[in-house]
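Have a look at query-v3.cif below; it lists mmCIF, C-alpha atoms (C1' of nucleotides).
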data_structure
loop_
_atom_site.label_atom_id
_atom_site.label_comp_id
_atom_site.auth_asym_id
_atom_site.auth_seq_id
_atom_site.Cartn_x
_atom_site.Cartn_y
_atom_site.Cartn_z
CA MET P 192 77.99 118.82 56.56
CA LYS P 193 74.78 116.79 56.27
CA ASN P 194 76.85 114.06 54.71
CA ILE P 195 78.94 113.65 57.85
CA LEU P 196 75.76 112.90 59.78
CA PHE P 197 74.35 110.48 57.23
CA GLU P 198 77.68 108.72 56.92
CA PHE P 199 77.66 108.22 60.66
CA ILE P 200 74.08 106.94 60.72
CA SER P 201 74.72 104.57 57.81
CA LYS P 202 77.05 102.59 60.07
CA TYR P 203 74.04 101.53 62.12
CA VAL P 204 70.92 101.65 59.92
CA SER P 205 70.36 102.42 56.23
CA LEU P 206 68.15 105.38 55.41
CA THR P 207 65.96 106.02 52.39
CA GLU P 208 66.01 109.41 50.65
CA ASP P 209 62.65 110.15 52.23
CA GLU P 210 64.04 109.55 55.67
CA LYS P 211 67.10 111.67 54.98
CA ASN P 212 64.87 114.50 53.81
CA ALA P 213 62.76 114.17 56.92
CA ILE P 214 65.88 114.67 59.02
CA VAL P 215 67.08 117.64 57.01
CA SER P 216 63.66 119.30 57.28
CA LEU P 217 63.93 119.20 61.08
CA ASP P 218 66.51 121.98 60.80
CA ILE P 219 68.81 120.60 63.46
CA PHE P 220 72.18 121.88 62.23
CA ARG P 221 73.84 124.60 64.28
CA SER P 222 77.12 126.45 64.01
CA VAL P 223 78.48 127.55 67.38
CA LYS P 224 81.36 129.88 68.28
CA LYS P 225 84.19 128.86 70.58
CA GLY P 226 83.35 129.68 74.17
CA THR P 227 79.59 129.38 73.77
CA THR P 228 77.83 127.72 76.70
CA LEU P 229 75.19 125.24 75.51
CA LEU P 230 73.87 124.32 78.96
CA LYS P 231 74.30 125.87 82.41
CA GLU P 232 74.06 124.38 85.89
CA GLY P 233 70.48 124.65 87.13
CA GLN P 234 68.95 124.81 83.64
CA LYS P 235 66.44 122.33 82.29
CA SER P 236 66.82 121.10 78.74
CA LYS P 237 65.62 118.40 76.39
CA ASP P 238 68.39 118.88 73.84
CA SER P 239 70.83 116.22 72.76
CA TYR P 240 73.91 116.98 70.67
CA PHE P 241 75.89 115.32 67.96
CA VAL P 242 79.25 116.86 67.05
CA LEU P 243 79.98 117.10 63.34
CA LYS P 244 83.08 119.27 63.69
CA GLY P 245 84.78 120.83 66.69
CA CYS P 246 84.82 119.97 70.38
CA ILE P 247 82.53 120.46 73.35
CA ARG P 248 83.12 119.63 77.00
CA THR P 249 81.03 118.94 80.10
CA TYR P 250 82.16 120.24 83.48
CA TYR P 251 80.95 120.70 87.03
CA VAL P 252 81.76 123.73 89.13
CA LEU P 253 82.59 122.49 92.64
CA ASP P 254 84.01 124.88 95.26
CA SER P 255 84.23 127.42 92.41
CA GLU P 256 86.56 125.07 90.58
CA GLU P 257 85.88 123.53 87.19
CA LYS P 258 85.91 119.73 87.07
CA THR P 259 85.91 118.53 83.48
CA THR P 260 84.32 115.11 83.07
CA ALA P 261 84.15 114.62 79.31
CA PHE P 262 85.07 115.88 75.85
CA TYR P 263 83.02 115.21 72.73
CA THR P 264 84.57 115.56 69.28
CA GLU P 265 83.73 114.60 65.69
CA MET P 266 81.11 111.83 65.39
CA GLU P 267 80.32 111.73 69.10
CA ALA P 268 76.85 112.08 70.59
CA LEU P 269 75.95 113.59 73.94
CA THR P 270 72.65 113.28 75.75
CA PRO P 271 72.98 115.32 78.95
CA LEU P 272 72.02 113.63 82.20
CA CYS P 273 69.32 116.23 82.85
CA VAL P 274 67.54 115.15 79.66
CA ILE P 275 67.30 111.58 80.93
CA SER P 276 66.53 112.43 84.55
CA LYS P 277 64.29 115.41 83.71
CA THR P 278 65.87 117.47 86.47
CA PRO P 279 67.90 120.71 86.34
CA SER P 280 71.42 120.13 85.08
CA GLU P 281 74.22 119.79 87.61
CA TYR P 282 76.88 120.61 85.07
CA TYR P 283 77.82 122.94 82.23
CA ILE P 284 78.33 122.16 78.56
CA SER P 285 80.39 124.50 76.43
CA CYS P 286 82.31 124.67 73.17
CA ILE P 287 86.08 124.77 73.33
CA GLU P 288 86.36 125.24 69.56
CA ASP P 289 84.16 126.69 66.85
CA THR P 290 81.78 123.76 66.49
CA ILE P 291 79.18 122.44 64.06
CA LEU P 292 76.64 120.18 65.68
CA THR P 293 73.11 118.90 65.49
CA VAL P 294 70.67 119.74 68.25
CA SER P 295 67.78 117.34 68.68
CA ASN P 296 64.98 117.82 71.12
CA SER P 297 63.68 114.71 72.86
CA ASP P 298 60.10 115.70 71.89
CA MET P 299 61.26 115.71 68.30
CA GLY P 300 62.55 112.23 68.91
CA VAL P 301 59.08 110.99 69.80
CA GLU P 302 57.62 112.55 66.65
CA ILE P 303 60.21 111.16 64.30
CA ASN P 304 60.15 107.78 65.99
CA SER P 305 56.46 107.36 65.22
CA LYS P 306 57.08 108.14 61.56
CA PHE P 307 60.26 106.12 61.19
CA PRO P 308 60.57 103.20 63.61
CA LYS P 309 64.11 102.78 62.35
CA PHE P 310 65.13 105.66 64.59
CA GLU P 311 64.10 103.79 67.68
CA THR P 312 66.46 101.01 66.63
CA LEU P 313 69.21 103.54 65.99
CA CYS P 314 68.72 105.11 69.41
CA ARG P 315 68.71 101.75 71.17
CA ILE P 316 71.93 100.67 69.47
CA LEU P 317 73.64 103.97 70.19
CA SER P 318 72.58 103.91 73.81
CA GLU P 319 73.79 100.34 74.29
CA GLU P 320 77.07 101.16 72.63
CA LEU P 321 77.45 104.23 74.79
CA LEU P 322 76.72 102.27 77.96
CA ALA P 323 79.40 99.73 77.06
CA LYS P 324 81.93 102.42 76.16
CA GLN P 325 81.25 104.31 79.34
CA GLN P 326 81.64 101.19 81.44
CA ILE P 327 85.00 100.46 79.84
CA ASP P 328 86.14 104.04 80.39
CA PHE P 329 85.10 103.90 84.03
CA ASP P 330 86.84 100.58 84.61
CA GLU P 331 90.00 101.87 82.99
CA PHE P 332 89.92 105.03 85.05
CA LYS P 333 89.45 103.10 88.28
CA THR P 334 92.16 100.57 87.62
CA SER P 335 94.92 102.97 86.60
CA SER P 336 97.09 105.76 87.96
CA PRO P 337 97.08 109.34 86.62
CA GLU P 338 100.25 108.60 84.64
CA GLN P 339 98.74 105.46 83.11
CA ARG P 340 95.57 107.40 82.31
CA TYR P 341 97.58 110.05 80.48
CA LEU P 342 99.57 107.47 78.50
CA ASN P 343 96.33 105.68 77.71
CA LEU P 344 94.81 108.92 76.44
CA LEU P 345 97.85 109.56 74.27
CA GLN P 346 97.19 106.18 72.63
CA LYS P 347 93.44 106.38 72.30
CA ARG P 348 92.71 110.05 71.67
CA PRO P 349 96.00 111.73 70.78
CA ASP P 350 94.08 114.60 69.19
CA LEU P 351 92.59 115.58 72.57
CA VAL P 352 96.02 116.10 74.11
CA GLN P 353 96.77 118.55 71.29
CA ARG P 354 93.52 120.47 70.98
CA VAL P 355 92.38 120.72 74.61
CA PRO P 356 93.79 123.23 77.16
CA GLN P 357 96.11 121.50 79.62
CA HIS P 358 94.23 122.53 82.75
CA GLN P 359 91.03 121.02 81.37
CA LEU P 360 92.89 117.87 80.41
CA ALA P 361 94.36 117.63 83.91
CA SER P 362 90.93 117.92 85.46
CA PHE P 363 89.66 115.26 83.07
CA LEU P 364 92.47 112.95 84.26
CA GLY P 365 91.50 113.62 87.88
CA ILE P 366 94.55 115.71 88.81
CA LYS P 367 95.74 119.34 89.07
CA PRO P 368 97.40 121.17 86.13
CA GLN P 369 100.70 121.31 88.02
CA SER P 370 100.64 117.54 88.46
CA LEU P 371 100.03 117.05 84.75
CA SER P 372 103.00 119.27 83.88
CA ARG P 373 105.20 117.35 86.31
CA LEU P 374 103.91 114.00 85.10
CA ARG P 375 104.70 114.89 81.51
CA ALA P 376 108.21 116.05 82.44
CA ARG P 377 108.67 112.75 84.28
CA ILE P 378 107.63 110.70 81.25
CA LEU P 379 109.95 112.73 79.01
CA GLU P 380 112.80 112.16 81.45
CA LYS P 381 112.16 108.41 81.47
CA SER P 382 112.10 108.20 77.67
CA LYS P 383 115.53 109.86 77.47
CA GLU P 384 117.22 107.14 79.51
CA MET L 102 61.32 85.09 96.15
CA LYS L 103 59.33 85.59 92.96
CA ASN L 104 57.54 88.41 94.70
CA ILE L 105 60.75 90.38 95.12
CA LEU L 106 61.21 90.32 91.37
CA PHE L 107 57.62 91.30 90.58
CA GLU L 108 57.68 94.04 93.16
CA PHE L 109 60.76 95.44 91.46
CA ILE L 110 59.25 95.21 87.98
CA SER L 111 55.99 96.83 89.12
CA LYS L 112 57.91 100.04 89.73
CA TYR L 113 58.39 100.37 85.99
CA VAL L 114 55.57 98.51 84.19
CA SER L 115 52.48 96.67 85.42
CA LEU L 116 52.23 92.98 84.59
CA THR L 117 49.15 90.80 84.08
CA GLU L 118 48.96 87.36 85.72
CA ASP L 119 49.63 85.82 82.30
CA GLU L 120 52.80 87.80 81.95
CA LYS L 121 53.93 86.88 85.44
CA ASN L 122 53.30 83.22 84.71
CA ALA L 123 55.28 83.52 81.48
CA ILE L 124 58.24 84.80 83.48
CA VAL L 125 57.96 82.09 86.11
CA SER L 126 57.80 79.40 83.44
CA LEU L 127 61.17 80.57 82.10
CA ASP L 128 62.77 79.01 85.18
CA ILE L 129 65.25 81.80 85.74
CA PHE L 130 65.66 81.63 89.53
CA ARG L 131 68.99 80.38 90.84
CA SER L 132 70.46 79.90 94.28
CA VAL L 133 74.24 80.31 94.34
CA LYS L 134 76.77 79.55 97.08
CA LYS L 135 79.24 82.14 98.33
CA GLY L 136 82.44 82.01 96.33
CA THR L 137 80.83 80.73 93.15
CA THR L 138 82.22 82.28 89.97
CA LEU L 139 79.46 83.18 87.51
CA LEU L 140 81.73 84.36 84.71
CA LYS L 141 85.45 84.03 84.06
CA GLU L 142 87.84 86.14 82.02
CA GLY L 143 87.96 84.85 78.44
CA GLN L 144 84.51 83.23 78.61
CA LYS L 145 81.63 84.13 76.34
CA SER L 146 78.18 84.47 77.83
CA LYS L 147 74.72 85.81 77.06
CA ASP L 148 73.53 85.81 80.66
CA SER L 149 72.31 88.84 82.56
CA TYR L 150 71.69 88.79 86.29
CA PHE L 151 69.29 90.34 88.73
CA VAL L 152 70.11 90.01 92.42
CA LEU L 153 67.17 89.14 94.67
CA LYS L 154 69.24 88.46 97.78
CA GLY L 155 72.97 88.50 98.43
CA CYS L 156 75.89 90.22 96.72
CA ILE L 157 77.98 89.66 93.60
CA ARG L 158 81.02 91.54 92.40
CA THR L 159 82.84 92.16 89.13
CA TYR L 160 86.63 92.29 89.03
CA TYR L 161 89.53 92.31 86.62
CA VAL L 162 92.78 90.46 87.24
CA LEU L 163 95.62 92.77 86.19
CA ASP L 164 99.25 91.83 86.94
CA SER L 165 97.79 88.94 88.95
CA GLU L 166 96.01 91.47 91.15
CA GLU L 167 92.24 91.72 91.58
CA LYS L 168 90.70 95.09 90.69
CA THR L 169 87.11 95.24 91.88
CA THR L 170 84.98 97.57 89.78
CA ALA L 171 81.45 96.98 91.07
CA PHE L 172 79.19 95.34 93.63
CA TYR L 173 75.59 94.36 92.96
CA THR L 174 73.17 93.77 95.83
CA GLU L 175 69.42 93.38 96.33
CA MET L 176 67.31 94.77 93.46
CA GLU L 177 70.26 95.50 91.21
CA ALA L 178 70.65 94.25 87.66
CA LEU L 179 73.90 93.42 85.88
CA THR L 180 74.35 92.89 82.16
CA PRO L 181 78.01 92.01 81.62
CA LEU L 182 79.92 93.97 79.02
CA CYS L 183 80.65 90.79 77.05
CA VAL L 184 76.92 90.26 76.55
CA ILE L 185 76.60 93.67 74.89
CA SER L 186 79.85 93.55 72.94
CA LYS L 187 79.57 89.82 72.11
CA THR L 188 83.24 89.30 72.86
CA PRO L 189 84.99 87.16 75.52
CA SER L 190 84.74 88.69 78.96
CA GLU L 191 87.66 90.71 80.28
CA TYR L 192 86.54 90.36 83.86
CA TYR L 193 85.24 87.93 86.45
CA ILE L 194 81.90 87.89 88.23
CA SER L 195 81.54 86.04 91.50
CA CYS L 196 79.34 85.79 94.56
CA ILE L 197 80.67 87.18 97.81
CA GLU L 198 77.65 85.91 99.75
CA ASP L 199 75.15 83.09 99.32
CA THR L 200 73.01 84.70 96.64
CA ILE L 201 69.59 84.26 95.04
CA LEU L 202 69.38 85.72 91.57
CA THR L 203 67.65 85.46 88.24
CA VAL L 204 69.65 84.49 85.17
CA SER L 205 68.23 85.61 81.86
CA ASN L 206 69.71 84.75 78.53
CA SER L 207 69.67 87.46 75.86
CA ASP L 208 68.11 84.95 73.40
CA MET L 209 65.33 84.47 75.89
CA GLY L 210 64.92 88.23 75.86
CA VAL L 211 64.18 88.23 72.15
CA GLU L 212 61.59 85.47 72.58
CA ILE L 213 59.79 87.11 75.46
CA ASN L 214 59.96 90.54 73.83
CA SER L 215 58.03 89.30 70.81
CA LYS L 216 55.30 87.87 73.05
CA PHE L 217 55.16 90.80 75.46
CA PRO L 218 56.27 94.13 74.00
CA LYS L 219 56.07 95.53 77.51
CA PHE L 220 59.42 93.94 78.22
CA GLU L 221 61.12 95.99 75.56
CA THR L 222 59.85 99.08 77.35
CA LEU L 223 61.08 97.72 80.68
CA CYS L 224 64.52 97.02 79.24
CA ARG L 225 64.78 100.44 77.65
CA ILE L 226 63.84 102.19 80.88
CA LEU L 227 66.24 100.09 82.92
CA SER L 228 69.07 100.67 80.48
CA GLU L 229 68.49 104.44 80.43
CA GLU L 230 68.34 104.53 84.21
CA LEU L 231 71.52 102.50 84.44
CA LEU L 232 73.31 104.78 81.99
CA ALA L 233 72.39 107.82 84.04
CA LYS L 234 73.38 106.17 87.32
CA GLN L 235 76.68 105.04 85.89
CA GLN L 236 77.43 108.50 84.56
CA ILE L 237 76.79 110.02 87.97
CA ASP L 238 78.98 107.41 89.65
CA PHE L 239 81.78 108.06 87.19
CA ASP L 240 81.56 111.82 87.63
CA GLU L 241 81.61 111.47 91.41
CA PHE L 242 84.58 109.14 91.29
CA LYS L 243 86.51 111.50 89.04
CA THR L 244 85.81 114.61 91.03
CA SER L 245 86.66 113.27 94.47
CA SER L 246 89.57 111.96 96.53
CA PRO L 247 89.76 108.43 98.00
CA GLU L 248 88.72 109.79 101.40
CA GLN L 249 85.73 111.63 99.92
CA ARG L 250 84.80 108.49 97.98
CA TYR L 251 84.83 106.44 101.17
CA LEU L 252 82.72 108.98 103.06
CA ASN L 253 80.36 109.14 100.11
CA LEU L 254 80.02 105.36 100.12
CA LEU L 255 79.28 105.40 103.85
CA GLN L 256 76.38 107.73 103.08
CA LYS L 257 75.01 106.05 100.00
CA ARG L 258 75.64 102.36 100.55
CA PRO L 259 76.51 101.87 104.22
CA ASP L 260 75.62 98.19 103.94
CA LEU L 261 78.50 97.62 101.50
CA VAL L 262 81.08 98.84 103.98
CA GLN L 263 79.79 96.23 106.43
CA ARG L 264 79.26 93.20 104.22
CA VAL L 265 82.16 93.46 101.78
CA PRO L 266 85.77 92.40 102.60
CA GLN L 267 87.96 95.45 103.17
CA HIS L 268 90.51 94.64 100.50
CA GLN L 269 87.76 94.41 97.88
CA LEU L 270 86.30 97.67 99.11
CA ALA L 271 89.71 99.33 98.88
CA SER L 272 90.15 98.17 95.31
CA PHE L 273 86.65 99.46 94.52
CA LEU L 274 87.69 102.87 95.89
CA GLY L 275 90.80 102.82 93.73
CA ILE L 276 93.33 102.37 96.54
CA LYS L 277 95.30 99.64 98.41
CA PRO L 278 93.92 97.90 101.54
CA GLN L 279 96.63 99.51 103.68
CA SER L 280 95.56 102.95 102.49
CA LEU L 281 91.96 102.22 103.36
CA SER L 282 92.95 101.15 106.87
CA ARG L 283 95.00 104.30 107.29
CA LEU L 284 92.28 106.51 105.82
CA ARG L 285 89.72 105.09 108.24
CA ALA L 286 92.05 105.64 111.17
CA ARG L 287 92.56 109.22 109.97
CA ILE L 288 88.81 109.87 109.81
CA LEU L 289 88.33 108.39 113.28
CA GLU L 290 91.12 110.61 114.60
CA LYS L 291 89.53 113.71 113.07
CA SER L 292 86.11 112.91 114.53
CA LYS L 293 87.59 112.72 118.05
CA GLU L 294 88.89 116.30 117.93
"C1'" DT O 158 91.38 69.96 115.59
"C1'" DA O 159 95.63 71.56 113.92
"C1'" DA O 160 98.14 73.62 110.28
"C1'" DA O 161 97.91 76.72 106.49
"C1'" DA O 162 96.20 80.43 104.16
"C1'" DT O 163 93.91 84.74 104.07
"C1'" DC O 164 92.74 89.10 106.03
"C1'" DG O 165 93.03 93.53 108.48
"C1'" DT O 166 95.95 96.64 110.68
"C1'" DT O 167 100.14 99.09 111.82
"C1'" DC O 168 104.78 100.82 110.85
"C1'" DA O 169 108.70 102.85 108.37
"C1'" DC O 170 110.02 104.29 104.08
"C1'" DT O 171 109.28 105.79 99.12
"C1'" DT O 172 106.81 107.98 95.60
"C1'" DA O 173 103.60 110.97 93.66
"C1'" DA O 174 99.92 114.27 94.01
"C1'" DG O 175 98.16 118.74 96.38
"C1'" DT O 176 99.39 123.47 97.59
"C1'" DT O 177 101.38 127.90 97.33
"C1'" DA O 178 104.02 130.92 94.89
"C1'" DA O 179 106.48 132.91 91.05
"C1'" DG O 180 107.66 133.83 86.45
"C1'" DA O 181 107.39 133.09 81.37
"C1'" DA O 182 104.36 132.44 77.43
"C1'" DA O 183 100.19 132.79 75.09
"C1'" DT O 184 95.78 134.84 74.53
"C1'" DG O 185 92.25 138.30 74.47
"C1'" DA O 186 90.49 142.97 74.74
"C1'" DA O 187 90.83 147.98 74.59
"C1'" DT K 190 99.89 147.37 69.60
"C1'" DT K 191 99.75 147.36 74.28
"C1'" DC K 192 97.94 146.06 78.59
"C1'" DA K 193 95.57 142.67 81.26
"C1'" DT K 194 94.28 138.13 81.86
"C1'" DT K 195 94.77 133.50 81.48
"C1'" DT K 196 97.59 129.54 80.90
"C1'" DC K 197 101.58 126.64 81.46
"C1'" DT K 198 105.58 125.39 83.77
"C1'" DT K 199 108.87 125.04 87.56
"C1'" DA K 200 110.11 124.83 92.38
"C1'" DA K 201 109.81 124.02 97.42
"C1'" DC K 202 107.08 122.16 100.76
"C1'" DT K 203 103.05 119.34 102.60
"C1'" DT K 204 100.02 115.59 102.50
"C1'" DA K 205 98.49 111.22 101.23
"C1'" DA K 206 98.90 106.98 98.69
"C1'" DG K 207 102.12 102.95 97.33
"C1'" DT K 208 105.37 99.42 99.06
"C1'" DG K 209 107.35 95.89 101.90
"C1'" DA K 210 107.26 93.79 106.13
"C1'" DA K 211 105.46 92.22 110.46
"C1'" DC K 212 101.91 90.46 113.51
"C1'" DG K 213 97.60 88.99 115.38
"C1'" DA K 214 92.97 87.50 114.10
"C1'" DT K 215 90.04 85.06 111.28
"C1'" DT K 216 88.86 81.62 108.01
"C1'" DT K 217 89.79 77.51 105.26
"C1'" DT K 218 91.00 73.00 104.57
"C1'" DA K 219 93.42 68.78 105.26
#
Final structure tokens representation of the file:
Amino acid sequence: MKNILFEFISKYVSLTEDEKNAIVSLDIFRSVKKGTTLLKEGQKSKDSYFVLKGCIRTYYVLDSEEKTTAFYTEMEALTPLCVISKTPSEYYISCIEDTILTVSNSDMGVEINSKFPKFETLCRILSEELLAKQQIDFDEFKTSSPEQRYLNLLQKRPDLVQRVPQHQLASFLGIKPQSLSRLRARILEKSKE
Amino acid sequence: MKNILFEFISKYVSLTEDEKNAIVSLDIFRSVKKGTTLLKEGQKSKDSYFVLKGCIRTYYVLDSEEKTTAFYTEMEALTPLCVISKTPSEYYISCIEDTILTVSNSDMGVEINSKFPKFETLCRILSEELLAKQQIDFDEFKTSSPEQRYLNLLQKRPDLVQRVPQHQLASFLGIKPQSLSRLRARILEKSKE
DNA sequence: TAAAATCGTTCACTTAAGTTAAGAAATGAA
DNA sequence: TTCATTTCTTAACTTAAGTGAACGATTTTA
């Protein structure tokens, strides 16, 4: 389980044994049951997450309706908006599968950064990469229809379509569950011709 | 014109006269005519922009159709995706008004960072702020209808609705120009009742 | 300045998403 | 295991966006 994390980090910076031990001693690994809510609307938090195994999702509740905005699976990091903006969260974060993740407090970040400047580099690279990825996702979302978005998702994250409840997937695609059902039937019909 | 830039920077870090002079000596100020294209699809570039006066937009050309994804006006910074990813650009950037901006090369960034570590801090803060802003924009886009998006834009950036051509605004909202016209007529009709 | 191109709006028609409702299937809890 | 709840799908109907075309207004440019 630790190895998954170190394997991920090694893609960006190389760590010494000392540094690895320092991370392990922080005791950041958590095992969380399906359905657990990690963050609620209105709460303040300084915790960032990194998913080692499983799946978590972020969602707003607007007009007592859930609006799913993102899913995070293996090897994906999530720093909630409220951690950056230092304001109460406007959305929820919860586990849709039994999940193993690391929880790192932003205070902890400061401490470890002073000991190992390498982590600052790691964080900068990750944040730049995330910004780029998010911009691409946004552009793709804007420039395509719900059907195109679904087909795109099938290409890029086929696992999500399997492991995530349909109504959450629909919301993520910006449509209602009924529309997703219909849309899928339509695609199936087309492929038969 | 320099003052606009320094006023902006002073919100995040305070600069000495030496540091200000260092920036001025970089000769980064540019005056650009309406219609000028700053970056084309397929081009490589290391240039980031900061708008002092005027308006620039980013857009893709898909199926020979322009898809506008963003507008940048006074006091807004834009680092193109291709600068981060170091790949040819997939979109265009052009001026929709006569514009005064700063152009800063990412190599220049390295040079100035080594002389004035303060700039690294400035960049980190700006990039974090941008990430948060972009996430909020994305979430709002996903969770609302074209009509809600338009009304939201009227609230948040009323200047855009005035200064930007309608067909570019429509594309930015994720719809066709005809739909924007209709949607506006619909809103006007409702407000009469 | 005149001709050409672009732009914004309106209209009629088509297509797809929202809504409401109902029933089957899967899931969870007692 | 059974009962209750949630989830997924289908259907009929409503609403809104896409499409193609037309027309006047504005802007460009030759």
Open item on the list: Could you work out which residues of chain P fall inside 10 Å of chain K? Count only C-alpha atoms (C1' of nucleotides), and format the result as a list in words.
Closed with: Pro356, Gln357, His358, Pro368, Gln369, Ser372, Arg373 and Ala376 of chain P
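Running the PyMOL selection byres ((chain P and resi 267) around 9) on this file leaves P:Tyr240, P:Phe241, P:Val242, P:Leu243, P:Tyr263, P:Thr264, P:Glu265, P:Met266, P:Ala268, P:Leu269 selected.
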Please return, as a compact mmCIF listing (two decimals) with C-alpha atoms, in the frame of the given file, all residues of chain P lying within 8 Å of chain O when only C-alpha atoms (C1' of nucleotides) are considered.
# COMPACT_ATOMS: atom_id res chain seq x y z
CA ILE P 366 94.55 115.71 88.81
CA LYS P 367 95.74 119.34 89.07
CA SER P 370 100.64 117.54 88.46
What residues in chain P have any atom no more than 8 Å from chain L when counting all atoms listed in the file, and can you write them as an mmCIF file with C-alpha atoms, in the frame of the given file?
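part.cif, written as the output of this step:
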data_model
loop_
_atom_site.group_PDB
_atom_site.id
_atom_site.type_symbol
_atom_site.label_atom_id
_atom_site.label_comp_id
_atom_site.auth_asym_id
_atom_site.auth_seq_id
_atom_site.Cartn_x
_atom_site.Cartn_y
_atom_site.Cartn_z
ATOM 1 C CA LYS P 258 85.910 119.730 87.070
ATOM 2 C CA THR P 260 84.320 115.110 83.070
ATOM 3 C CA LEU P 272 72.020 113.630 82.200
ATOM 4 C CA ILE P 275 67.300 111.580 80.930
ATOM 5 C CA SER P 276 66.530 112.430 84.550
ATOM 6 C CA ARG P 315 68.710 101.750 71.170
ATOM 7 C CA SER P 318 72.580 103.910 73.810
ATOM 8 C CA GLU P 319 73.790 100.340 74.290
ATOM 9 C CA GLU P 320 77.070 101.160 72.630
ATOM 10 C CA LEU P 322 76.720 102.270 77.960
ATOM 11 C CA ALA P 323 79.400 99.730 77.060
ATOM 12 C CA GLN P 325 81.250 104.310 79.340
ATOM 13 C CA GLN P 326 81.640 101.190 81.440
ATOM 14 C CA PHE P 329 85.100 103.900 84.030
ATOM 15 C CA ASP P 330 86.840 100.580 84.610
ATOM 16 C CA LYS P 333 89.450 103.100 88.280
ATOM 17 C CA THR P 334 92.160 100.570 87.620
ATOM 18 C CA PHE P 363 89.660 115.260 83.070
ATOM 19 C CA LEU P 364 92.470 112.950 84.260
ATOM 20 C CA GLY P 365 91.500 113.620 87.880
#
Open item on the list: Would you compute the distance between atom CA of P:Val204 and atom CA of P:Lys309? Give it in Å to one decimal.
Closed with: 7.3 Å
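Every residue that the PyMOL selection byres ((chain P and resi 295-301) around 9) selects in this file is listed here: Leu217, Ile219, Ser236, Lys237, Asp238, Ser239, Tyr240, Phe241, Val274, Thr293, Val294, Glu302, Ile303, Asn304, Ser305, Lys306, Phe310 and Glu311 of chain P.
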Writing out the chosen residues with C-alpha atoms as a PDB file, in the frame of the given file:
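Once everything was written out, this is part28.pdb:
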ATOM      1  CA  LEU P 217      63.930 119.200  61.080  1.00  0.00           C
ATOM      2  CA  ILE P 219      68.810 120.600  63.460  1.00  0.00           C
ATOM      3  CA  SER P 236      66.820 121.100  78.740  1.00  0.00           C
ATOM      4  CA  LYS P 237      65.620 118.400  76.390  1.00  0.00           C
ATOM      5  CA  ASP P 238      68.390 118.880  73.840  1.00  0.00           C
ATOM      6  CA  SER P 239      70.830 116.220  72.760  1.00  0.00           C
ATOM      7  CA  TYR P 240      73.910 116.980  70.670  1.00  0.00           C
ATOM      8  CA  PHE P 241      75.890 115.320  67.960  1.00  0.00           C
ATOM      9  CA  VAL P 274      67.540 115.150  79.660  1.00  0.00           C
ATOM     10  CA  THR P 293      73.110 118.900  65.490  1.00  0.00           C
ATOM     11  CA  VAL P 294      70.670 119.740  68.250  1.00  0.00           C
ATOM     12  CA  GLU P 302      57.620 112.550  66.650  1.00  0.00           C
ATOM     13  CA  ILE P 303      60.210 111.160  64.300  1.00  0.00           C
ATOM     14  CA  ASN P 304      60.150 107.780  65.990  1.00  0.00           C
ATOM     15  CA  SER P 305      56.460 107.360  65.220  1.00  0.00           C
ATOM     16  CA  LYS P 306      57.080 108.140  61.560  1.00  0.00           C
ATOM     17  CA  PHE P 310      65.130 105.660  64.590  1.00  0.00           C
ATOM     18  CA  GLU P 311      64.100 103.790  67.680  1.00  0.00           C
TER      19      GLU P 311
END
TODO: Calculate how many Å separate atom CA of P:Leu229 from atom CA of P:Ile284, rounding to one decimal.
DONE: 5.4 Å
Build an axis-aligned box that encloses every atom of stretch 245-256 of chain P listed in the file, pad it by 8 Å on each side, and report its centre and edge lengths in Å to one decimal, as JSON.
{"center_x": 83.8, "center_y": 123.2, "center_z": 81.0, "size_x": 21.6, "size_y": 24.5, "size_z": 44.6}
TODO: Identify the residues around (82.1, 85.2, 97.9) within a radius of 8 Å, measuring from all atoms listed in the file in the coordinates stated by the file, and give them as number ranges by chain.
DONE: L: 134-137, 157, 195-199
Open item on the list: As an exercise, work out the distance from atom CA of P:Ser255 to atom CA of L:Arg250 in Å and give it to one decimal place.
Closed with: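 Result for atom CA of P:Ser255 versus atom CA of L:Arg250: 19.7 Å, one decimal.
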TODO: For P:Tyr283, work out the shell of residues within 6 Å, counting only C-alpha atoms (C1' of nucleotides) and skipping chain neighbours fewer than 3 positions away, then give it as a list in words.
DONE: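 Result of the neighbour search: Leu230, Lys231, Glu232, Thr249 and Tyr250 of chain P.
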